[in-house]
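Trainee: entry-v5.cif is the file, holding mmCIF, C-alpha atoms:
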```
data_target
loop_
_atom_site.label_atom_id
_atom_site.label_comp_id
_atom_site.auth_asym_id
_atom_site.auth_seq_id
_atom_site.Cartn_x
_atom_site.Cartn_y
_atom_site.Cartn_z
CA MET A 244 -6.95 -29.12 18.26
CA THR A 245 -9.39 -28.45 21.11
CA GLN A 246 -7.56 -30.76 23.47
CA ALA A 247 -3.85 -30.32 24.19
CA PRO A 248 -1.69 -31.04 21.12
CA PRO A 249 -0.53 -34.60 20.46
CA ASP A 250 2.95 -35.67 21.47
CA VAL A 251 5.83 -35.71 19.02
CA ALA A 252 5.83 -39.48 19.40
CA ASP A 253 2.36 -39.49 17.84
CA ILE A 254 3.25 -37.31 14.86
CA ASP A 255 4.09 -40.25 12.62
CA GLY A 256 0.82 -42.03 13.51
CA ASP A 257 -1.34 -43.75 10.93
CA ASP A 258 -3.69 -41.93 8.56
CA GLU A 259 -6.78 -43.37 10.22
CA ALA A 260 -5.85 -41.85 13.60
CA ASP A 261 -5.13 -38.50 11.97
CA ARG A 262 -8.42 -38.65 10.10
CA LYS A 263 -10.31 -39.24 13.37
CA VAL A 264 -8.63 -36.21 14.95
CA VAL A 265 -9.58 -34.04 11.98
CA GLU A 266 -13.16 -35.30 11.90
CA GLN A 267 -13.57 -34.65 15.63
CA GLU A 268 -12.36 -31.09 15.19
CA GLN A 269 -14.65 -30.59 12.19
CA ALA A 270 -17.62 -31.74 14.28
CA GLU A 271 -16.78 -29.25 17.04
CA LEU A 272 -16.39 -26.44 14.54
CA LYS A 273 -19.73 -27.29 12.93
CA ALA A 274 -21.34 -26.67 16.32
CA PHE A 275 -19.45 -23.37 16.60
CA ILE A 276 -20.55 -22.25 13.12
CA LYS A 277 -24.20 -23.01 13.89
CA GLY A 278 -24.00 -20.17 16.40
CA LEU A 279 -22.94 -17.68 13.72
CA SER A 280 -25.22 -15.46 11.67
CA THR A 281 -24.77 -14.52 8.03
CA ASP A 282 -23.90 -11.03 9.27
CA ASP A 283 -21.05 -12.54 11.30
CA ILE A 284 -19.67 -14.16 8.17
CA LYS A 285 -20.17 -11.21 5.85
CA SER A 286 -18.66 -8.70 8.29
CA GLY A 287 -15.72 -10.90 9.30
CA ASN A 288 -16.87 -10.91 12.92
CA TRP A 289 -16.79 -14.72 12.81
CA PHE A 290 -13.02 -14.50 13.24
CA THR A 291 -13.30 -12.43 16.41
CA LYS A 292 -15.49 -15.16 17.87
CA LEU A 293 -13.25 -17.94 16.53
CA ALA A 294 -10.13 -16.41 18.11
CA ALA A 295 -11.77 -16.59 21.53
CA HIS A 296 -13.17 -20.07 20.84
CA ALA A 297 -9.82 -21.37 19.59
CA MET A 298 -7.44 -19.91 22.15
CA ASN A 299 -9.03 -19.32 25.56
CA SER A 300 -9.28 -22.91 26.82
CA TYR A 301 -6.31 -24.04 24.72
CA THR A 302 -3.83 -21.67 26.34
CA GLU A 303 -4.91 -22.80 29.79
CA LYS A 304 -3.68 -26.31 28.95
CA VAL A 305 -0.71 -25.61 26.74
CA ASP A 306 2.25 -23.74 28.21
CA TRP A 307 6.00 -24.21 28.32
CA GLN A 308 5.70 -26.55 31.30
CA TYR A 309 3.34 -28.75 29.27
CA PHE A 310 5.96 -29.23 26.56
CA GLN A 311 8.80 -29.51 29.07
CA GLU A 312 7.15 -32.44 30.80
CA ARG A 313 6.72 -34.33 27.54
CA TYR A 314 9.91 -33.47 25.67
CA GLU A 315 12.42 -32.69 28.40
CA GLY A 316 15.88 -32.21 26.95
CA VAL A 317 14.70 -32.02 23.31
CA PRO A 318 15.82 -28.79 21.55
CA PRO A 319 12.85 -26.64 20.46
CA ASP A 320 13.87 -26.68 16.78
CA ALA A 321 13.30 -30.45 16.64
CA ILE A 322 9.83 -30.25 18.18
CA VAL A 323 8.76 -27.22 16.13
CA ASP A 324 9.75 -28.86 12.86
CA GLN A 325 7.62 -31.90 13.63
CA ARG A 326 4.64 -29.85 14.79
CA ILE A 327 4.65 -27.89 11.53
CA LYS A 328 4.67 -31.11 9.49
CA MET A 329 1.87 -32.55 11.62
CA ALA A 330 -0.27 -29.41 11.21
CA ALA A 331 0.30 -29.46 7.43
CA ARG A 332 -0.82 -33.09 7.31
CA TYR A 333 -3.99 -32.29 9.28
CA ALA A 334 -4.67 -29.36 6.95
CA ALA A 335 -4.32 -31.54 3.86
CA LEU A 336 -6.60 -34.21 5.30
CA GLU A 337 -9.22 -31.61 6.18
CA GLY A 338 -9.02 -30.12 2.70
CA GLY A 339 -9.77 -33.49 1.18
CA LEU A 340 -12.71 -34.09 3.51
CA SER A 341 -14.19 -30.64 2.82
CA ALA A 342 -13.59 -30.59 -0.91
CA GLY A 343 -17.22 -31.36 -1.66
CA ALA A 344 -18.09 -27.81 -0.64
CA TYR A 345 -15.62 -26.24 -3.04
CA THR A 346 -17.87 -25.15 -5.84
CA ALA A 347 -18.54 -21.90 -7.63
CA THR A 348 -22.08 -22.11 -6.26
CA VAL A 349 -20.77 -21.73 -2.71
CA ALA A 350 -18.61 -18.80 -3.75
CA ALA A 351 -21.65 -17.11 -5.26
CA THR A 352 -23.67 -17.81 -2.12
CA ILE A 353 -21.07 -16.08 0.04
CA GLY A 354 -21.11 -13.09 -2.26
CA SER A 355 -24.88 -12.79 -1.91
CA LEU A 356 -24.87 -12.69 1.90
CA GLY A 357 -26.05 -9.29 3.04
CA GLY A 358 -26.92 -7.26 6.08
CA ALA A 359 -30.58 -8.23 5.77
CA SER A 360 -29.85 -11.95 5.55
CA PRO A 361 -31.66 -14.23 8.00
CA ALA A 362 -29.80 -15.42 11.10
CA THR A 363 -29.47 -18.99 9.83
CA VAL A 364 -26.34 -19.55 7.74
CA PRO A 365 -27.09 -21.42 4.47
CA ALA A 366 -26.00 -25.06 4.59
CA ALA A 367 -23.53 -24.75 1.71
CA VAL A 368 -21.81 -21.77 3.29
CA ALA A 369 -21.73 -23.46 6.68
CA THR A 370 -19.97 -26.46 5.14
CA MET A 371 -17.38 -24.21 3.51
CA MET A 372 -16.93 -22.23 6.73
CA VAL A 373 -15.83 -25.40 8.53
CA ASP A 374 -12.77 -25.44 6.28
CA VAL A 375 -12.05 -21.74 6.80
CA ALA A 376 -12.43 -22.06 10.56
CA PHE A 377 -10.42 -25.28 10.72
CA ILE A 378 -7.40 -23.85 8.89
CA SER A 379 -7.61 -20.54 10.78
CA GLN A 380 -7.77 -22.28 14.16
CA LEU A 381 -5.02 -24.72 13.18
CA GLN A 382 -2.64 -21.94 12.17
CA LEU A 383 -3.42 -19.83 15.24
CA ARG A 384 -2.70 -22.73 17.57
CA LEU A 385 0.38 -23.76 15.62
CA ALA A 386 1.83 -20.25 15.92
CA TYR A 387 1.03 -20.24 19.63
CA ASP A 388 2.71 -23.65 20.13
CA ILE A 389 5.81 -22.34 18.37
CA SER A 390 5.93 -19.23 20.56
CA VAL A 391 5.65 -21.41 23.67
CA LEU A 392 8.35 -23.82 22.50
CA TYR A 393 10.76 -20.94 21.90
CA ARG A 394 9.74 -19.46 25.27
CA VAL A 395 8.53 -16.21 23.78
CA PRO A 396 5.88 -14.98 26.25
CA LEU A 397 2.46 -14.24 24.71
CA ASP A 398 -0.70 -13.49 26.66
CA VAL A 399 -3.70 -14.01 24.36
CA ASN A 400 -5.81 -11.94 26.77
CA ASP A 401 -3.57 -8.96 26.04
CA PRO A 402 -4.77 -7.21 22.84
CA GLU A 403 -1.23 -6.39 21.70
CA ASP A 404 0.00 -9.96 22.19
CA LEU A 405 -3.11 -11.39 20.50
CA TRP A 406 -2.57 -9.12 17.50
CA THR A 407 1.08 -10.24 17.36
CA LEU A 408 -0.05 -13.87 17.29
CA ILE A 409 -2.61 -13.19 14.55
CA ARG A 410 -0.12 -11.27 12.39
CA VAL A 411 2.43 -14.07 12.72
CA ALA A 412 -0.08 -16.90 12.18
CA PHE A 413 -1.48 -15.37 8.99
CA THR A 414 1.67 -13.56 7.78
CA ILE A 415 -0.09 -10.19 7.96
CA LYS A 416 2.57 -7.55 7.57
CA SER A 417 2.93 -7.10 3.86
CA GLY A 418 0.93 -9.02 1.31
CA GLU A 419 3.78 -8.56 -1.15
CA ALA A 420 6.31 -10.01 1.31
CA ALA A 421 4.05 -13.01 1.82
CA ASN A 422 3.77 -13.53 -1.92
CA LYS A 423 7.53 -13.48 -2.50
CA THR A 424 8.35 -15.77 0.38
CA VAL A 425 5.64 -18.35 -0.09
CA VAL A 426 6.42 -18.82 -3.77
CA LYS A 427 9.84 -20.21 -2.82
CA ALA A 428 8.30 -22.67 -0.36
CA VAL A 429 5.83 -24.51 -2.61
CA PRO A 430 6.07 -26.61 -5.78
CA ALA A 431 6.00 -24.72 -9.06
CA LEU A 432 2.63 -26.25 -10.02
CA VAL A 433 0.88 -24.65 -7.06
CA ARG A 434 2.64 -21.26 -7.13
CA PRO A 435 0.09 -19.33 -9.23
CA LEU A 436 -2.72 -20.48 -6.91
CA VAL A 437 -0.82 -19.63 -3.75
CA LYS A 438 0.00 -16.19 -5.15
CA ARG A 439 -3.72 -15.57 -5.49
CA PHE A 440 -4.33 -17.01 -2.03
CA TYR A 441 -2.01 -14.37 -0.54
CA SER A 442 -3.20 -11.52 -2.75
CA ASN A 443 -2.37 -7.95 -1.76
CA SER A 444 -5.95 -6.81 -2.22
CA ALA A 445 -7.13 -9.11 0.56
CA LEU A 446 -5.04 -7.17 3.07
CA ALA A 447 -5.84 -3.66 1.90
CA ALA A 448 -8.36 -2.52 4.51
CA GLY A 449 -7.57 -1.79 8.12
CA LYS A 450 -6.34 -3.77 11.11
CA ALA A 451 -9.31 -4.88 13.21
CA LEU A 452 -10.13 -8.54 13.81
CA PRO A 453 -13.24 -8.51 11.58
CA VAL A 454 -11.03 -7.34 8.72
CA VAL A 455 -8.80 -10.36 9.27
CA GLY A 456 -11.95 -12.48 9.02
CA LYS A 457 -12.80 -10.86 5.69
CA HIS A 458 -9.26 -11.45 4.46
CA LEU A 459 -9.35 -15.14 5.39
CA LEU A 460 -12.74 -15.59 3.79
CA GLN A 461 -11.57 -13.92 0.58
CA ARG A 462 -8.59 -16.26 0.43
CA ASN A 463 -10.91 -19.24 0.65
CA VAL A 464 -13.29 -17.92 -1.99
CA ILE A 465 -10.31 -17.95 -4.36
CA LYS A 466 -9.84 -21.63 -3.59
CA ILE A 467 -13.48 -22.62 -4.05
CA GLY A 468 -14.05 -20.36 -7.04
CA ILE A 469 -11.70 -22.21 -9.40
CA PRO A 470 -13.69 -24.91 -11.21
CA LEU A 471 -12.59 -28.45 -12.09
CA VAL A 472 -9.92 -28.75 -9.40
CA GLY A 473 -11.78 -30.10 -6.35
CA VAL A 474 -9.83 -32.28 -3.95
CA PRO A 475 -6.30 -31.77 -5.39
CA LEU A 476 -6.47 -27.99 -5.00
CA ALA A 477 -7.98 -28.16 -1.52
CA VAL A 478 -5.33 -30.58 -0.32
CA LEU A 479 -2.42 -28.70 -1.91
CA LEU A 480 -3.45 -25.22 -0.79
CA ASN A 481 -4.31 -26.29 2.75
CA ARG A 482 -1.05 -28.18 3.09
CA TYR A 483 1.30 -25.60 1.63
CA THR A 484 -0.28 -22.50 3.16
CA THR A 485 -0.12 -24.20 6.57
CA LEU A 486 3.51 -25.19 5.99
CA PHE A 487 4.29 -21.62 5.02
CA ALA A 488 2.45 -20.20 8.03
CA GLY A 489 4.35 -22.56 10.33
CA ARG A 490 7.73 -21.73 8.83
CA HIS A 491 6.95 -18.04 9.08
CA ALA A 492 5.97 -18.39 12.75
CA GLN A 493 9.14 -20.39 13.37
CA ALA A 494 11.31 -17.69 11.79
CA VAL A 495 9.64 -14.89 13.79
CA PHE A 496 9.58 -16.56 17.20
CA ARG A 497 12.96 -18.24 16.81
CA ASN A 498 14.48 -14.86 16.07
CA GLU A 499 12.82 -13.32 19.13
CA ALA A 500 14.08 -16.25 21.21
CA ARG A 501 17.58 -15.52 19.89
CA VAL A 502 17.29 -11.88 20.97
CA ILE A 503 15.92 -12.83 24.39
CA GLU A 504 18.77 -15.30 24.83
CA LEU A 505 21.26 -12.55 23.98
CA ALA A 506 19.61 -10.14 26.44
CA GLU A 507 19.70 -12.79 29.16
CA GLY A 508 23.40 -13.40 28.58
CA MET A 509 24.19 -9.68 28.66
CA SER A 510 22.22 -9.15 31.87
CA GLU A 511 23.74 -12.18 33.56
CA ARG A 512 27.34 -11.22 32.71
CA SER A 513 26.99 -7.53 33.45
CA ARG A 514 28.79 -6.04 36.42
CA HIS A 515 27.57 -2.56 35.44
CA PRO A 516 23.91 -3.03 34.45
CA LYS A 517 22.93 0.65 34.56
CA LEU A 518 25.93 1.72 32.49
CA MET A 519 25.32 -1.16 30.09
CA LEU A 520 21.84 0.18 29.29
CA TRP A 521 23.24 3.61 28.43
CA VAL A 522 25.93 2.13 26.22
CA ALA A 523 23.44 -0.22 24.53
CA TRP A 524 21.12 2.68 23.73
CA LEU A 525 24.02 4.79 22.42
CA VAL A 526 25.03 1.99 20.03
CA ILE A 527 21.44 1.49 18.89
CA ARG A 528 20.98 5.21 18.22
CA ALA A 529 24.30 5.49 16.38
CA ASN A 530 22.56 4.79 13.09
CA ARG A 531 19.52 6.95 13.95
CA LYS A 532 17.13 4.34 12.55
CA ILE A 533 16.18 1.65 15.06
CA ALA A 534 15.96 -1.86 13.63
CA ASP A 535 13.22 -4.18 14.92
CA ASP A 536 15.77 -6.53 16.51
CA GLU A 537 17.47 -3.59 18.24
CA ALA A 538 14.19 -2.36 19.71
CA LEU A 539 13.36 -5.91 20.78
CA LEU A 540 16.76 -6.35 22.43
CA MET A 541 16.47 -3.07 24.33
CA ARG A 542 12.98 -3.93 25.59
CA HIS A 543 14.07 -7.32 26.94
CA LEU A 544 17.35 -5.91 28.27
CA VAL A 545 15.56 -3.25 30.33
CA ARG A 546 13.14 -5.89 31.65
CA LEU A 547 15.90 -8.31 32.63
CA VAL A 548 18.05 -5.64 34.28
CA ARG A 549 15.02 -4.59 36.31
CA GLU A 550 14.21 -8.18 37.31
CA ARG A 551 17.75 -9.42 38.00
CA HIS A 552 19.55 -6.33 39.21
CA GLN A 553 16.65 -4.25 40.54
CA VAL A 554 17.83 -1.38 38.37
CA VAL A 555 15.29 1.07 36.96
CA ASP A 556 16.80 4.12 35.26
CA GLU A 557 14.11 6.80 35.07
CA GLN A 558 16.47 9.25 33.41
CA LEU A 559 17.12 6.85 30.53
CA ALA A 560 13.41 6.06 30.28
CA ARG A 561 12.59 9.76 29.76
CA LEU A 562 15.47 10.37 27.34
CA VAL A 563 14.62 11.65 23.86
CA ASP A 564 18.06 12.37 22.36
CA ILE A 565 21.07 10.61 23.80
CA ASP A 566 24.25 12.71 24.10
CA PRO A 567 27.43 10.67 23.55
CA ALA A 568 29.30 13.05 25.87
CA GLU A 569 27.01 12.00 28.73
CA VAL A 570 27.79 8.35 28.11
CA TRP A 571 31.54 9.04 27.95
CA ARG A 572 31.28 10.94 31.23
CA ARG A 573 29.65 7.92 32.84
CA ILE A 574 32.33 5.62 31.39
CA ASP A 575 35.16 7.83 32.63
CA ALA A 576 33.63 8.03 36.12
CA GLU A 577 33.34 4.24 36.48
CA PRO A 578 36.39 2.55 38.08
CA GLY A 579 37.61 -0.96 37.45
CA ASP A 580 37.28 -3.45 34.61
CA LEU A 581 34.68 -2.41 32.02
CA SER A 582 35.19 -5.33 29.63
CA ASP A 583 31.59 -6.48 30.24
CA VAL A 584 30.30 -3.12 28.96
CA LEU A 585 32.52 -3.32 25.89
CA ASP A 586 31.33 -6.87 25.16
CA ALA A 587 27.74 -5.71 25.50
CA ALA A 588 28.32 -2.97 22.94
CA ASP A 589 29.69 -5.52 20.46
CA TRP A 590 26.64 -7.77 20.93
CA VAL A 591 24.17 -4.89 20.54
CA ALA A 592 25.83 -3.73 17.32
CA ALA A 593 25.67 -7.23 15.82
CA VAL A 594 22.11 -8.11 16.83
CA ASP A 595 20.60 -6.96 13.53
CA GLY A 596 23.42 -8.15 11.27
CA ASP A 597 26.66 -6.56 10.14
CA ILE A 598 28.12 -3.75 12.25
CA ASN A 599 27.93 -0.45 10.35
CA ALA A 600 30.47 2.38 10.28
CA ARG A 601 28.76 4.55 12.92
CA GLU A 602 28.46 1.63 15.32
CA LYS A 603 32.13 0.80 14.74
CA ALA A 604 33.08 4.38 15.57
CA ILE A 605 31.12 4.27 18.84
CA ILE A 606 32.69 0.95 19.82
CA SER A 607 36.18 2.17 18.92
CA GLU A 608 35.75 5.23 21.16
CA LEU A 609 34.33 3.03 23.90
CA ARG A 610 37.28 0.63 23.65
CA ASP A 611 39.77 3.50 23.95
CA ARG A 612 38.05 4.85 27.06
CA CYS A 613 37.66 1.44 28.70
CA CYS A 614 41.35 0.73 28.16
CA ARG A 615 42.29 4.02 29.84
CA VAL A 616 40.26 3.24 32.95
#
```
Kindly present the structure from the file in structure tokens form.
Mentor:
Amino acid sequence: MTQAPPDVADIDGDDEADRKVVEQEQAELKAFIKGLSTDDIKSGNWFTKLAAHAMNSYTEKVDWQYFQERYEGVPPDAIVDQRIKMAARYAALEGGLSAGAYTATVAATIGSLGGASPATVPAAVATMMVDVAFISQLQLRLAYDISVLYRVPLDVNDPEDLWTLIRVAFTIKSGEAANKTVVKAVPALVRPLVKRFYSNSALAAGKALPVVGKHLLQRNVIKIGIPLVGVPLAVLLNRYTTLFAGRHAQAVFRNEARVIELAEGMSERSRHPKLMLWVAWLVIRANRKIADDEALLMRHLVRLVRERHQVVDEQLARLVDIDPAEVWRRIDAEPGDLSDVLDAADWVAAVDGDINAREKAIISELRDRCCRV
């Protein structure tokens, strides 16, 4: 919410306390929406403004130290799981409170908004927008909390990091992937509705923040455009889409935390940091295609070697095609025990799953040369 997130100890609080938190946030968002024009809503620019409204002051209060002080010694998985459940409960409560706005009339009103519309947003649309803004802000902040808990650094003032947070929070990578995954996470009764909520067509136009706003608004029009469902649909969709968004954020940031942890271990154990980078890149390029986890590992490995060992290899940084013979020459020229380099090669090969035949061949050659040294 606007203030720092509640403690895990408060997550099992009573419904009345949760309701007060939700109502307070709704009131603040109503004030925010009053500052929007119909053009903001129609164009999707409302989301650009919401992202700044939701995250700027929040990230000043909530960092890893904030969580460390409150939950010292608690593994991040335990805290993340509870935060996702808490966010889903808030989303369901808000859906029930806002359900009065879910009518086909509101959906039609949104469709009629145009470039020549007056600055004042119609009351019915403003009421519906509270729900859209609430869920969007809740999922953004939940994804941010999860990144902080897994100690994955994100700077919301950096456009690339902000876009990463938005993509994770709203599962924007492939509409089809979202459909397939979310269907497994919700009860069968709700699956057809959730499929529509994550429709491919809503993601089929560009990458700018206003487009995300259009996408989120389209999802909500689906919800309010189905007659005779009211509160049950609002509660179910808000709850299960927030649960799904949280689980997705957990999977993404937990995996990055795993890769960072691996890179930290490799850097800490390495007695040959410069050579390790060359060997790591050779193993990654063995299969020609670079997996996301491999690219992520290399990025963090270079950063950690620079920070911990003060090693910056400009030649490697400029390299386009890596020549195995150059790596073997460096191996053969290095005296002493090279077991740390061999271990690093094994870890790099396994970072994205099973070790393939080309990676095995590289490691086999490396093992032979290390044993001869």
Trainee: So that I can see what lies close to range 590-598 of chain A, please list as a list of chain:residue names the residues with an atom at most 9 Å from it, counting all atoms listed in the file and leaving out residues fewer than 3 positions away in the same chain.
Mentor: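 Using all atoms listed in the file, the neighbours found are A:Val502, A:Leu505, A:Met509, A:Ala523, A:Trp524, A:Val526, A:Ile527, A:Ala534, A:Asp535, A:Asp536, A:Glu537, A:Leu540, A:Met541, A:Leu585, A:Asp586, A:Ala587, A:Arg601, A:Glu602, A:Lys603, A:Ile606.
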Trainee: By how many Å are CA of Arg531 in chain A and CA of Asp566 in chain A apart?
Mentor: 12.6 Å
Trainee: Applied to the shown file, which residues does the PyMOL selection byres ((chain A and resi 488) around 9) return, written as a list in words?
Mentor: Ile327, Gln382, Leu385, Ala386, Val411, Ala412, Phe413, Thr414, Val425, Tyr483, Thr484, Thr485, Leu486, Phe487, Gly489, Arg490, His491, Ala492 and Gln493 of chain A
Trainee: When you count only C-alpha atoms, which of these residues is closest to Gln380 in chain A: A:Tyr314, A:Trp307, A:Trp521, A:Tyr333?
Mentor: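 Selected residue with least distance to Gln380 in chain A: A:Tyr333.
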Trainee: Considering only C-alpha atoms, can you say which of A:Leu520, A:Val563, A:Val570, A:Val264 comes closest to Arg542 in chain A?
Mentor: A:Leu520
